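Some notes on the structure that comes next.
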Amino acid sequence: MFITGRGKAAGAAAGLVAASLLLSACGGGGGSAEAGSPPSALGTPDASQPVTITVDSFGGIFANFEKAGLLDDYKELHPNVTIEYTEVQQEDDYWTALTTKLNSGSGLADIQAIEISRAALVTQQQQDQWLDIRSTAVADANQYPPAKQGAITTEDGAVLGFGTDAGPMAICYRNDKLEEAGLPSDAEELSQVITDWDAYEEVGRQYVEATGEPWMDAASGYYRLLTSVQPERNYDAEGEPTYETNATVKPSFDRAARVGAEGLTAKLEQFSQPWNTAMNTGDFATIACPAWMLGYIKQQAGEDNAGNWSVMPLPQGLGGNWGGSYLSIPVDSPNAAAAAQLAQFLTSAESETKEFEAGLAFPSNSGSLEQIADVTDEYFNDAPIGQIFSDSFRAAPDQPLGVDDGAIDQAIGQALTSVESNGVAPEEAWQSALSTLEDQIG
Amino acid sequence: MAVDTLTRGPARPAAPRSRPARRRPLGERSAPYVYIAPFFILFGAFGLFPLLYTVWLSFYEYRLAGGEPEFIGLENYAWLFGSESFYNALWKTFTIGILSTVPQLIMALGLAHLLNYNMRVRSFFRISMIMPYATSLVAATLVFASIFANTPGGLANVVLGLLGMEPVAWTAGNWTAQIAIAIIVTWHWTGYNALIYLAGMQSIGKELYEAAAIDGASRFSQFVHVTLPGLRPTILFTIVLSTIGATQLFTEPFLFGNGAGGGALNQYQVVAMYMYEMAFDIGRLGRASAIAVVVLALVILLVLINTGLASLRTRERPLPKTTTGGTR
């Protein structure tokens with residue numbers, strides 16, 4: 001699966017939250033002046049009435065809010081509010097339960113977390129069931145880069161969620177292994193050598209020749225990286241699936257398959273146990289690295305490897321995104337106004353900055369991206385992670401998402417694995433991915 | 001239905017003497033229904049309803065993400081019988097089923113036979129038989145997944161190395177993955193079946209074994225000529241159970257790899273995983289329901305074939321009453 005391992009972000013240091021933004025947001029009044037007319041305007045919630053806001057979430061999103069002290073901050077500002085959250089680890093399980101509740105129309109919380117890979121389903125098949133945040137009193141309080149905002153916006157312009165974290169792309173690498181292989185190990189020097197994907201692969205060939213060990217973890221990871229920077233992936237702007245013919249999917253598949261067939265990859269399935277272990281042992285030297293991968297690497301590689309891993313930006317100033325979530329409010333929530341106020345607070349620039357500085361999730365709020373430019377990470381050789389990931393996120397294209405993205409990515413990932421591990425010819429693997437998709441979603 | 005047999009049953013409490021017994025009060029007449037109600041309410045809610053709903057859903061297009069079910073007749077079935085992946089999944093279910101069930105039952109028989117003899121610490125051996133069955137399947141599968149790691153350092157590959165063989169990429173290969181999964185299944189169920197056989201063996205009269213021993217029969221011929229015939233109904237029972245189990249196999253292959261795809265070439269995607277993939281990865285609940293219905297029909301068919309075969313065999317056993325000759 002491609003959607004695992006979310007909510008494990010990285011960072012360092014600590015910060016303070018500014019309550020001023022929240023206060024100004026409360027005074028914003030109802031509705032917004034943007035295009036399209038919001039269905040109904042929600043006013044500012046009554047601050048004198050006690051209210052309990054329920055939350056359903058996954059993957060540590062709210063646990064991170066709590067760790068960063070944001071829930072306590074909010075209760076201090078709003079003594080009338082009680083927050084009750086439940087959280088499961090696996091997004092798959094969470095989504096299945098959420099759709100069941102949506103279908104039966106009962107059991108929904110006031111705030112529900114949504115993973116970006118489900119955003120197309122939310123905006124195209126459930127758009128009537130989620131609150132348009134343009135109708136709330138906090139409509140314009142948060143600003144996001146196009147990739148973040150576009151994914152949760154419907155055809156009619158309704159915005160169905162507040163952006164929490166994000167997964168901008170970079171490349172993580174083992175500087176100790178590169179040094180052993182006689183290659184540049186400093187991020188700046190390496191960036192000067194790796195000027196495009198061809199150069200990235202060429203350095204890989206040198207590495208494999210010098211060490212006899214694989215360069216990257218998996219062809220499917222490389223495919224994810226290659227496609228994340230393109231303006232379109234599986235769908236075009238009209239919402240039609242174009243993966244068979246467009247300029248992203250097949251060329252990226254060919255490139256990743258060639259690298260896999262060539263033996264530059266470690267043939268590991270992402271998020272499998274051997275893959276985890278390899279982060280520690282250095283069985284591969286580089287990996288496509290969304291911001292949340294930093295936390296994952298730290299956890300798997302452990303303290304012994306502090307200073308062995310580094311981060312470099314994508315070549316050519318490219319940017320991409322993999323993962324991230326939203327906070328959405330069911331349209332029938334009895335506490336919608338209060339829930340919107342809380343969700344806006346948790347995803348405000350100040351809150352997201354505070355969270356990132358506490359070493360938790362990477363922000364998606366534009367304001368916060370400005371504030372974190374100086375953050376570095378000691379574990380990753382003091383890499384300027386704030387700068388690298390903010391730049392990548394701002395440059396990330398607003399890719400049109402589709403309801404069957406998950407199935408398409410899975411089938412193509414599987415085809416790439418068959419090239420790497422089973423020696424299937426790339427063209428044959430591509431054809432079998434297409435016929436699988438024809439069978440599954442056709 | 002069981003309801004009829006129960007309510008028509010003759011057992012009823014005598015009417016209180018103080019009242020004329022012309023017509024018993026409503027409360028009393030409904031009492032049996034009330035007694036059986038808990039089971040049937042639970043069965044209806046958690047057994048019958050999901051079953052009927054699945055059948056109903058298999059005629060509809062219905063997505064996990066939401067929306068109203070849309071009637072499409074037999075389209076889901078037409079899709080299913082035209083789907084190559086479905087036939088692949090059926091075939092994998094069959095091959096893994098054979099690879100696991102046959103050695104499992106044969107080993108269980110052998111073990112039960114040995115355990116049936118008097119020996120020291122017999123209870124210890126009997127209890128250790130059931131240990132794999134009592135172990136959490138999920139935990140065990142994860143341990144086996146690391147035993148069958150693709151790296152040369154995996155335990156299974158180390159053992160192969162000691163035998164002078166090359167390391168094997170267990171999960172990547174077609175048969176290697178299936179064999180590894182069959183080994184997990186066999187490990188888990190052998191002891192369970194052995195205990196069932198053991199129970200069956202204990203009902204075979206000791207005097208038969210004693211007579212055989214006096215006649216000079218070895219333990220093996222005792223097994224073939226006394227144990228096996230006496231165990232026939234038990235063996236049939238375990239075959240039926242194993243067939244159902246093999247058709248519904250899910251946990252072991254699901255956890256063996258990474259998700260419901262069953263390997264890069266679907267080399268160990270059994271039919272239950274295909275159903276799961278369709279329902280929860282692809283989100284097409286109508287199609288997944290159609291798969292469920294077909295699998296149910298398949299299980300029923302297999303069980304009927306099993307019992308049919310068995311009754312054919314047993315009918316051959318007794319001597320024919322007439323002298324017109326046997327079936328052979």
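How things are named: the first chain in the structure tokens is A, the next is B, and so on; residues count from 1 in each chain; ligands count from 1 in the order shown.
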Once you count only C-alpha atoms, which residues of chain B turn out to be within 8 Å of chain A? Could you give them as a count of residues only?
-> 18
I'd like the neighbourhood of Asn306 (chain B) as a PDB file with N, CA, C and O atoms, in the first residue's frame, where a residue qualifies if any of its atoms comes within 10 Å (using only C-alpha atoms), though same-chain residues fewer than 5 positions away should be ignored.
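Contents of the output file around.pdb:
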ATOM      1  N   LEU B 236     -13.864 -38.269   7.373  1.00  0.00           N
ATOM      2  CA  LEU B 236     -14.765 -37.496   6.515  1.00  0.00           C
ATOM      3  C   LEU B 236     -15.025 -36.123   7.133  1.00  0.00           C
ATOM      4  O   LEU B 236     -14.962 -35.101   6.461  1.00  0.00           O
ATOM      5  N   PHE B 237     -15.268 -36.133   8.442  1.00  0.00           N
ATOM      6  CA  PHE B 237     -15.545 -34.883   9.142  1.00  0.00           C
ATOM      7  C   PHE B 237     -14.372 -33.912   8.994  1.00  0.00           C
ATOM      8  O   PHE B 237     -14.554 -32.735   8.664  1.00  0.00           O
ATOM      9  N   ILE B 239     -12.087 -33.894   6.705  1.00  0.00           N
ATOM     10  CA  ILE B 239     -11.922 -33.477   5.310  1.00  0.00           C
ATOM     11  C   ILE B 239     -12.903 -32.351   4.988  1.00  0.00           C
ATOM     12  O   ILE B 239     -12.547 -31.352   4.351  1.00  0.00           O
ATOM     13  N   VAL B 240     -14.135 -32.503   5.458  1.00  0.00           N
ATOM     14  CA  VAL B 240     -15.127 -31.445   5.212  1.00  0.00           C
ATOM     15  C   VAL B 240     -14.676 -30.136   5.859  1.00  0.00           C
ATOM     16  O   VAL B 240     -14.661 -29.069   5.231  1.00  0.00           O
ATOM     17  N   THR B 243     -11.746 -28.665   3.995  1.00  0.00           N
ATOM     18  CA  THR B 243     -12.154 -28.108   2.709  1.00  0.00           C
ATOM     19  C   THR B 243     -12.733 -26.714   2.900  1.00  0.00           C
ATOM     20  O   THR B 243     -12.377 -25.765   2.189  1.00  0.00           O
ATOM     21  N   ILE B 300     -20.516 -25.138  -0.529  1.00  0.00           N
ATOM     22  CA  ILE B 300     -21.625 -26.087  -0.403  1.00  0.00           C
ATOM     23  C   ILE B 300     -21.438 -27.241  -1.390  1.00  0.00           C
ATOM     24  O   ILE B 300     -21.571 -28.418  -1.029  1.00  0.00           O
ATOM     25  N   LEU B 301     -21.061 -26.894  -2.605  1.00  0.00           N
ATOM     26  CA  LEU B 301     -20.843 -27.910  -3.629  1.00  0.00           C
ATOM     27  C   LEU B 301     -19.742 -28.886  -3.206  1.00  0.00           C
ATOM     28  O   LEU B 301     -19.913 -30.116  -3.301  1.00  0.00           O
ATOM     29  N   SER B 311     -20.268 -41.437   1.090  1.00  0.00           N
ATOM     30  CA  SER B 311     -21.392 -42.373   1.215  1.00  0.00           C
ATOM     31  C   SER B 311     -21.300 -43.442   0.135  1.00  0.00           C
ATOM     32  O   SER B 311     -21.692 -44.580   0.352  1.00  0.00           O
ATOM     33  N   LEU B 312     -20.749 -43.094  -1.032  1.00  0.00           N
ATOM     34  CA  LEU B 312     -20.500 -44.117  -2.051  1.00  0.00           C
ATOM     35  C   LEU B 312     -19.592 -45.202  -1.486  1.00  0.00           C
ATOM     36  O   LEU B 312     -19.862 -46.385  -1.602  1.00  0.00           O
TER      37      LEU B 312
END
Nearby residues (only C-alpha atoms) at most 9 Å from Leu225 (chain A), same-chain spacing under 3 positions excluded, as a PDB file with C-alpha atoms, in the first residue's frame:
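Dumped to part07.pdb:
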ATOM      1  CA  MET A 169       9.130  15.308  -1.311  1.00  0.00           C
ATOM      2  CA  ALA A 170      12.887  15.259  -0.977  1.00  0.00           C
ATOM      3  CA  ILE A 171      15.538  12.545  -1.233  1.00  0.00           C
ATOM      4  CA  SER A 220       7.697   1.689  -6.717  1.00  0.00           C
ATOM      5  CA  GLY A 221       9.189   4.330  -4.410  1.00  0.00           C
ATOM      6  CA  TYR A 222      11.084   5.851  -7.315  1.00  0.00           C
ATOM      7  CA  SER A 228       4.773  13.399  -7.644  1.00  0.00           C
ATOM      8  CA  VAL A 229       6.433  16.285  -9.500  1.00  0.00           C
ATOM      9  CA  ALA A 288      12.154   8.965  -1.919  1.00  0.00           C
ATOM     10  CA  CYS A 289      11.516  10.977   1.182  1.00  0.00           C
ATOM     11  CA  PRO A 290       8.273  12.799   1.994  1.00  0.00           C
ATOM     12  CA  GLY A 320       6.040  17.115  -5.047  1.00  0.00           C
ATOM     13  CA  ASN A 321       3.794  15.814  -2.334  1.00  0.00           C
ATOM     14  CA  TRP A 322       2.944  12.375  -0.927  1.00  0.00           C
TER      15      TRP A 322
END
Running DSSP on the backbone, which parts of region 86-296 of chain B land in alpha helix (DSSP H), as a ChimeraX atom specification?
-> /B:86-115,122-134,137-147,155-162,174-202,206-214,219-222,228-247,251-256,271-276,285-296
Trp275 (chain A): which residues within 12 Å, counting only C-alpha atoms, same-chain residues fewer than 2 positions away excluded, as a PyMOL selection string?
-> (chain A and resi 216-218+221+265-273+277-284+287+296-297+300-301) or (chain B and resi 149-151+258)
Contacts of region 332-345 of chain A at 10 Å (only C-alpha atoms; same-chain gap of 3+ positions) as a ChimeraX atom specification | /A:19,21-23,25-26,41-47,51-55,70-71,73-75,78,81,83,105-106,108-112,129-131,133,135-142,161-164,326-329,348-352
Would you mind listing what lies within 7 Å of Trp215 (chain A) as an MDAnalysis selection string, with only C-alpha atoms counted and same-chain residues fewer than 4 positions away left out?
-> chainID A and resid 204 207:208 264:265 284:286
